[in-house]
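**Student:** Supplied in structure tokens, the structure appears directly below.
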Amino acid sequence: MNYIISPANAQAAPGGFGGFDFMSILPLVLIFAVFYFFLIRPQQKKAQEQKNLLSALRRGDRIVTNGGLIGIIHKVISDQELQVEIAEGVRVRVVRSMVASLVSKTEPVSDSAEDNKTAEDKPAVKKAGGRSKKAAK
């Protein structure tokens, strides 16, 4: 039997990079780039935003939990726990990581002595006639 070997098969030797063809790996690199920019990166940004939201929670903020409860933070117990008032007089303890979103942010509530002054300690309010309330008595 006489087999004839085609000269085209003999010339199909690997190219210049020792058999590595850059064009064969290019689609995989492109697919990874698409996944990174459309899936991985936005997910990392959202996780960072949620982490910042949880760390900035304070007393008086109105929140929504993952269970759908809406309440106002009454007390920050620890780094992991909050006391949330979900109805008047009804307070529950919530794990901080279970806060889904912040409905409204309030100004920080201060417990300083200046904010807790009584009516007698505050300066007198003047009436239209130029006399104060204390002087009118």
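Residues are named by chain letter and number: chains run A, B, ... in the order of the structure tokens, numbers start at 1 in each chain, and ligands are numbered from 1 in the order shown.
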Stretch 27-105 of chain A: which residues are strand (DSSP E) by DSSP, as a ChimeraX atom specification?
**Tutor:** /A:62-65,70-76,81-87,90-95,99-104
**Student:** Can those selected residues be exported to a file as a short mmCIF file (atom, residue, chain, number, x, y, z; two decimals), in the first residue's frame so that it contains N, CA and C atoms?
**Tutor:**
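Output below, filename out_17.cif:
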```cif
data_model
loop_
_atom_site.label_atom_id
_atom_site.label_comp_id
_atom_site.auth_asym_id
_atom_site.auth_seq_id
_atom_site.Cartn_x
_atom_site.Cartn_y
_atom_site.Cartn_z
N ARG A 62 -34.78 56.56 61.20
CA ARG A 62 -35.92 55.71 60.83
C ARG A 62 -35.40 54.67 59.84
N ILE A 63 -35.59 53.39 60.14
CA ILE A 63 -35.01 52.31 59.34
C ILE A 63 -36.06 51.29 58.91
N VAL A 64 -35.67 50.45 57.95
CA VAL A 64 -36.47 49.30 57.54
C VAL A 64 -35.57 48.08 57.71
N THR A 65 -36.08 47.05 58.39
CA THR A 65 -35.30 45.83 58.59
C THR A 65 -35.51 44.89 57.40
N ILE A 70 -40.66 48.62 60.05
CA ILE A 70 -40.21 50.00 60.00
C ILE A 70 -40.21 50.53 61.42
N GLY A 71 -39.12 51.14 61.82
CA GLY A 71 -39.05 51.65 63.18
C GLY A 71 -38.00 52.74 63.31
N ILE A 72 -37.93 53.28 64.51
CA ILE A 72 -36.98 54.34 64.82
C ILE A 72 -35.98 53.78 65.83
N ILE A 73 -34.71 54.02 65.57
CA ILE A 73 -33.67 53.54 66.48
C ILE A 73 -33.80 54.31 67.79
N HIS A 74 -34.05 53.57 68.85
CA HIS A 74 -34.20 54.19 70.17
C HIS A 74 -32.87 54.22 70.90
N LYS A 75 -32.07 53.17 70.70
CA LYS A 75 -30.81 53.07 71.42
C LYS A 75 -29.85 52.19 70.64
N VAL A 76 -28.59 52.59 70.58
CA VAL A 76 -27.55 51.76 69.99
C VAL A 76 -26.93 50.99 71.15
N GLU A 81 -25.82 45.38 67.88
CA GLU A 81 -27.24 45.41 68.25
C GLU A 81 -27.80 46.82 68.35
N LEU A 82 -29.08 46.93 67.98
CA LEU A 82 -29.82 48.19 68.09
C LEU A 82 -31.13 47.91 68.82
N GLN A 83 -31.64 48.91 69.50
CA GLN A 83 -32.98 48.82 70.07
C GLN A 83 -33.86 49.71 69.21
N VAL A 84 -34.87 49.12 68.58
CA VAL A 84 -35.71 49.82 67.62
C VAL A 84 -37.14 49.87 68.17
N GLU A 85 -37.74 51.06 68.10
CA GLU A 85 -39.12 51.23 68.52
C GLU A 85 -39.99 51.09 67.26
N ILE A 86 -40.80 50.01 67.22
CA ILE A 86 -41.61 49.75 66.03
C ILE A 86 -43.05 50.25 66.20
N ALA A 87 -43.45 50.51 67.41
CA ALA A 87 -44.74 51.13 67.72
C ALA A 87 -44.55 51.86 69.04
N VAL A 90 -43.34 49.93 72.09
CA VAL A 90 -42.92 48.58 71.70
C VAL A 90 -41.50 48.67 71.14
N ARG A 91 -40.55 48.16 71.89
CA ARG A 91 -39.15 48.21 71.48
C ARG A 91 -38.62 46.80 71.31
N VAL A 92 -37.91 46.57 70.22
CA VAL A 92 -37.31 45.27 69.95
C VAL A 92 -35.82 45.45 69.72
N ARG A 93 -35.09 44.37 69.96
CA ARG A 93 -33.65 44.39 69.70
C ARG A 93 -33.42 43.80 68.32
N VAL A 94 -32.61 44.47 67.53
CA VAL A 94 -32.37 44.07 66.15
C VAL A 94 -30.86 43.99 65.93
N VAL A 95 -30.43 42.96 65.23
CA VAL A 95 -29.02 42.85 64.85
C VAL A 95 -28.76 43.90 63.77
N VAL A 99 -30.47 45.45 59.09
CA VAL A 99 -31.09 46.69 58.62
C VAL A 99 -30.95 46.74 57.10
N ALA A 100 -32.08 46.83 56.42
CA ALA A 100 -32.08 46.83 54.96
C ALA A 100 -31.83 48.21 54.39
N SER A 101 -32.52 49.22 54.94
CA SER A 101 -32.35 50.56 54.39
C SER A 101 -32.66 51.61 55.44
N LEU A 102 -32.27 52.82 55.13
CA LEU A 102 -32.48 53.96 55.99
C LEU A 102 -33.57 54.82 55.34
N VAL A 103 -34.69 55.00 56.04
CA VAL A 103 -35.81 55.77 55.51
C VAL A 103 -35.53 57.27 55.65
N SER A 104 -35.17 57.69 56.86
CA SER A 104 -34.85 59.10 57.07
C SER A 104 -33.76 59.22 58.12
#
```
**Student:** Report the distance between atom CA of A:Leu53 and atom CA of A:Leu39 in Å, rounded to one decimal place.
**Tutor:**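 Going from atom CA of A:Leu53 over to atom CA of A:Leu39 covers 21.4 Å.
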**Student:** Quote the spacing between atom CA of A:Ala33 and atom CA of A:Asp21 in Å to one decimal place.
**Tutor:**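 Going from atom CA of A:Ala33 over to atom CA of A:Asp21, I get 19.4 Å.
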